[in-house]
Amino acid sequence: MDKAVVAVLFGGRSSEHSISSATAGGVLHAIDRDRFDVIPIGITRDGAFVLEDDDPDKFALHPEHLPEVVDNGTRIIWPDSALSRELKVADATGIRSLGDVDVVFPILHGRFGEDGTVQGFLELLDLPYVGAGLLMSAIGMDKHTTKSILKSAGVPVVPWVTVTRRGLDRDRELWGRRIRSLGLPVFVKPARAGSSVGVSKVSEWGELDAALETAFAEDGTVLVEQAVAGREIECGVLAGRGGDAPRVSVAGEIVISGREFYDFDAKYLGAPGIDLVCPAALAPGELAEMQRIAARAFEAVGGEGLSRVDFFYTGTEFFVNEVNTMPGFTPISMFPTCWIASGMTYPDLITELIDLARER
């Protein structure tokens, strides 16, 4: 049987460039080479599409060196119409064909990739791709829109206030009152960023202005969320085959022992103070309730491809914190860990995502 050709797309212009590159390293290492041929395409921080090395170790994540897509002088030439799936590459020697691509795997985190921009580009070319579609990607990227849709669908979410820099400048006293109505502590985060970039915990109101500035450095819209005392629980969701219901993994738990919250260093660099437990210790009824809410949240925002659904669990209620439409695939990421604990292998998970894309 001929192998399917998968173009793995990673890097990008967002602040999560290095995490995307590390995720790609994990996928390049684990993808089933008996079933798939791979074309690795990196996007530099300036937005150039380059032909990258098919070398997972090049994109390993180390605290002293975050992986990066650098401009090597090559340029990917995408199909010139929806009638073709041929990729080409231009370099110093000229232009050559890379052959037809069957599916694109956009392992992009943050803006300019996870937000519907690349998804729309691929739809213009009629190229199948892994993950959420344009609308679901755009919804999932914007925390305010996600929470608003989940709330309207009856999915429990944490109380929040959304503020823009312009609104804050117009009437700081008004927005200050609205924010303070949430009580302390609160979390301040950019509306359209991930991986805890720009996120701060505010335990005293004197810390609020600095936290807002940190978040506004990433986005012109910022969320201030009421902190919830409870456990941090996450799970993976996969779209069902042939119109079937979504599939939800077992739960994983983030146990915070020596840090303020699950920040960038803990997520990706293995910094101390955080323990990842999978499967989490939940009673059968608790697990079933979490899975029910996760599936409901997934379908509410579009129900395509995959997502990681993050919860706060108070012991009596699950609050959805986030629906991440392209979660990390690094060796310590929770999404693959939860599916492996549910009985899938890492290569099988990647194959399933590609097969879902081709089926769609």
# chains A, B, ... in the order shown; residues from 1 in each chain; ligands from 1
>>> residues_around(residues="stretch 98-110 of chain A", least_positions_apart="2", cutoff="6 Å", atoms="only C-alpha atoms", output="count of residues only")
21
>>> closest_atom_pairs(of="stretch 118-150 of chain A", to="stretch 187-190 of chain A", cutoff="10 Å", atoms="only C-alpha atoms", output="Markdown table")
| residue | atom | partner | partner_atom | distance |
| --- | --- | --- | --- | --- |
| A:Asp142 | CA | A:Pro190 | CA | 9.0 |
| A:Lys143 | CA | A:Pro190 | CA | 8.2 |
| A:His144 | CA | A:Pro190 | CA | 9.7 |
>>> select_by_dssp(residues="stretch 267-321 of chain A", states="helix (DSSP H, G or I)", output="list in words")
Lys267, Tyr268, Pro284, Gly285, Glu286, Leu287, Ala288, Glu289, Met290, Gln291, Arg292, Ile293, Ala294, Ala295, Arg296, Ala297, Phe298, Glu299 and Ala300 of chain A
>>> write_last_selection(atoms="C-alpha atoms", output="compact mmCIF listing (two decimals), in the first residue's frame")
# COMPACT_ATOMS: atom_id res chain seq x y z
CA LYS A 267 4.65 22.90 31.53
CA TYR A 268 7.57 22.52 29.19
CA PRO A 284 -16.17 6.44 38.67
CA GLY A 285 -19.03 8.92 38.96
CA GLU A 286 -16.65 11.88 39.04
CA LEU A 287 -14.79 10.63 35.95
CA ALA A 288 -18.04 10.08 34.07
CA GLU A 289 -19.23 13.59 34.92
CA MET A 290 -15.93 15.12 33.81
CA GLN A 291 -16.07 13.20 30.53
CA ARG A 292 -19.67 14.27 29.93
CA ILE A 293 -18.83 17.95 30.43
CA ALA A 294 -15.66 17.65 28.31
CA ALA A 295 -17.62 16.18 25.40
CA ARG A 296 -20.28 18.90 25.78
CA ALA A 297 -17.63 21.64 25.79
CA PHE A 298 -15.91 20.12 22.74
CA GLU A 299 -19.14 20.02 20.76
CA ALA A 300 -20.18 23.52 21.89
>>> atom_distance(atom1="atom CA of A:Ser200", atom2="atom CA of A:Leu212")
8.4 Å
>>> residues_around(residues="A:Glu218", least_positions_apart="3", cutoff="10 Å", atoms="only C-alpha atoms", output="list in words")
Ser14, Ser15, Lys189, Pro190, Ala191, Arg192, Ala193, Val197, Gly198, Val199, Glu213, Thr214, Ala215, Thr221 and Val222 of chain A
>>> closest_residue(among="A:Phe216, A:Trp175, A:Phe335, A:Phe329", to="A:Ala30", atoms="only C-alpha atoms")
A:Phe329
>>> residues_around(residues="A:Pro156", least_positions_apart="6", cutoff="7 Å", atoms="only C-alpha atoms", output="list in words")
Phe318, Phe319 and Val320 of chain A
>>> write_last_selection(atoms="all heavy atoms", output="PDB file, in the first residue's frame")
ATOM      1  N   PHE A 318     -17.295  20.625  38.402  1.00  0.00           N
ATOM      2  CA  PHE A 318     -16.226  20.814  37.426  1.00  0.00           C
ATOM      3  C   PHE A 318     -16.471  22.130  36.674  1.00  0.00           C
ATOM      4  O   PHE A 318     -17.521  22.305  36.061  1.00  0.00           O
ATOM      5  CB  PHE A 318     -16.195  19.664  36.417  1.00  0.00           C
ATOM      6  CG  PHE A 318     -15.669  18.367  36.968  1.00  0.00           C
ATOM      7  CD1 PHE A 318     -16.549  17.400  37.450  1.00  0.00           C
ATOM      8  CD2 PHE A 318     -14.310  18.109  36.990  1.00  0.00           C
ATOM      9  CE1 PHE A 318     -16.075  16.198  37.945  1.00  0.00           C
ATOM     10  CE2 PHE A 318     -13.817  16.908  37.487  1.00  0.00           C
ATOM     11  CZ  PHE A 318     -14.698  15.954  37.967  1.00  0.00           C
ATOM     12  N   PHE A 319     -15.499  23.026  36.724  1.00  0.00           N
ATOM     13  CA  PHE A 319     -15.536  24.250  35.943  1.00  0.00           C
ATOM     14  C   PHE A 319     -14.546  24.117  34.787  1.00  0.00           C
ATOM     15  O   PHE A 319     -13.376  23.798  35.008  1.00  0.00           O
ATOM     16  CB  PHE A 319     -15.137  25.470  36.784  1.00  0.00           C
ATOM     17  CG  PHE A 319     -16.133  25.846  37.835  1.00  0.00           C
ATOM     18  CD1 PHE A 319     -15.996  25.370  39.140  1.00  0.00           C
ATOM     19  CD2 PHE A 319     -17.198  26.688  37.543  1.00  0.00           C
ATOM     20  CE1 PHE A 319     -16.903  25.723  40.118  1.00  0.00           C
ATOM     21  CE2 PHE A 319     -18.108  27.041  38.523  1.00  0.00           C
ATOM     22  CZ  PHE A 319     -17.973  26.556  39.815  1.00  0.00           C
ATOM     23  N   VAL A 320     -15.001  24.366  33.552  1.00  0.00           N
ATOM     24  CA  VAL A 320     -14.091  24.329  32.410  1.00  0.00           C
ATOM     25  C   VAL A 320     -13.272  25.618  32.395  1.00  0.00           C
ATOM     26  O   VAL A 320     -13.818  26.721  32.394  1.00  0.00           O
ATOM     27  CB  VAL A 320     -14.854  24.168  31.083  1.00  0.00           C
ATOM     28  CG1 VAL A 320     -13.898  24.329  29.892  1.00  0.00           C
ATOM     29  CG2 VAL A 320     -15.524  22.807  31.023  1.00  0.00           C
TER      30      VAL A 320
END
>>> residues_around(residues="A:Met334", least_positions_apart="5", cutoff="9 Å", atoms="only C-alpha atoms", output="PyMOL selection string")
chain A and resi 234-236+252-253+276+278+308+327-329+339
>>> atom_distance(atom1="atom CA of A:Thr164", atom2="atom CA of A:Asp115")
19.1 Å
>>> select_by_dssp(residues="stretch 161-335 of chain A", states="strand (DSSP E or B)", output="VMD selection string")
chain A and resid 161 to 164 186 to 190 200 to 202 221 to 226 231 to 238 247 to 248 252 to 256 274 to 277 306 to 313 318 to 324
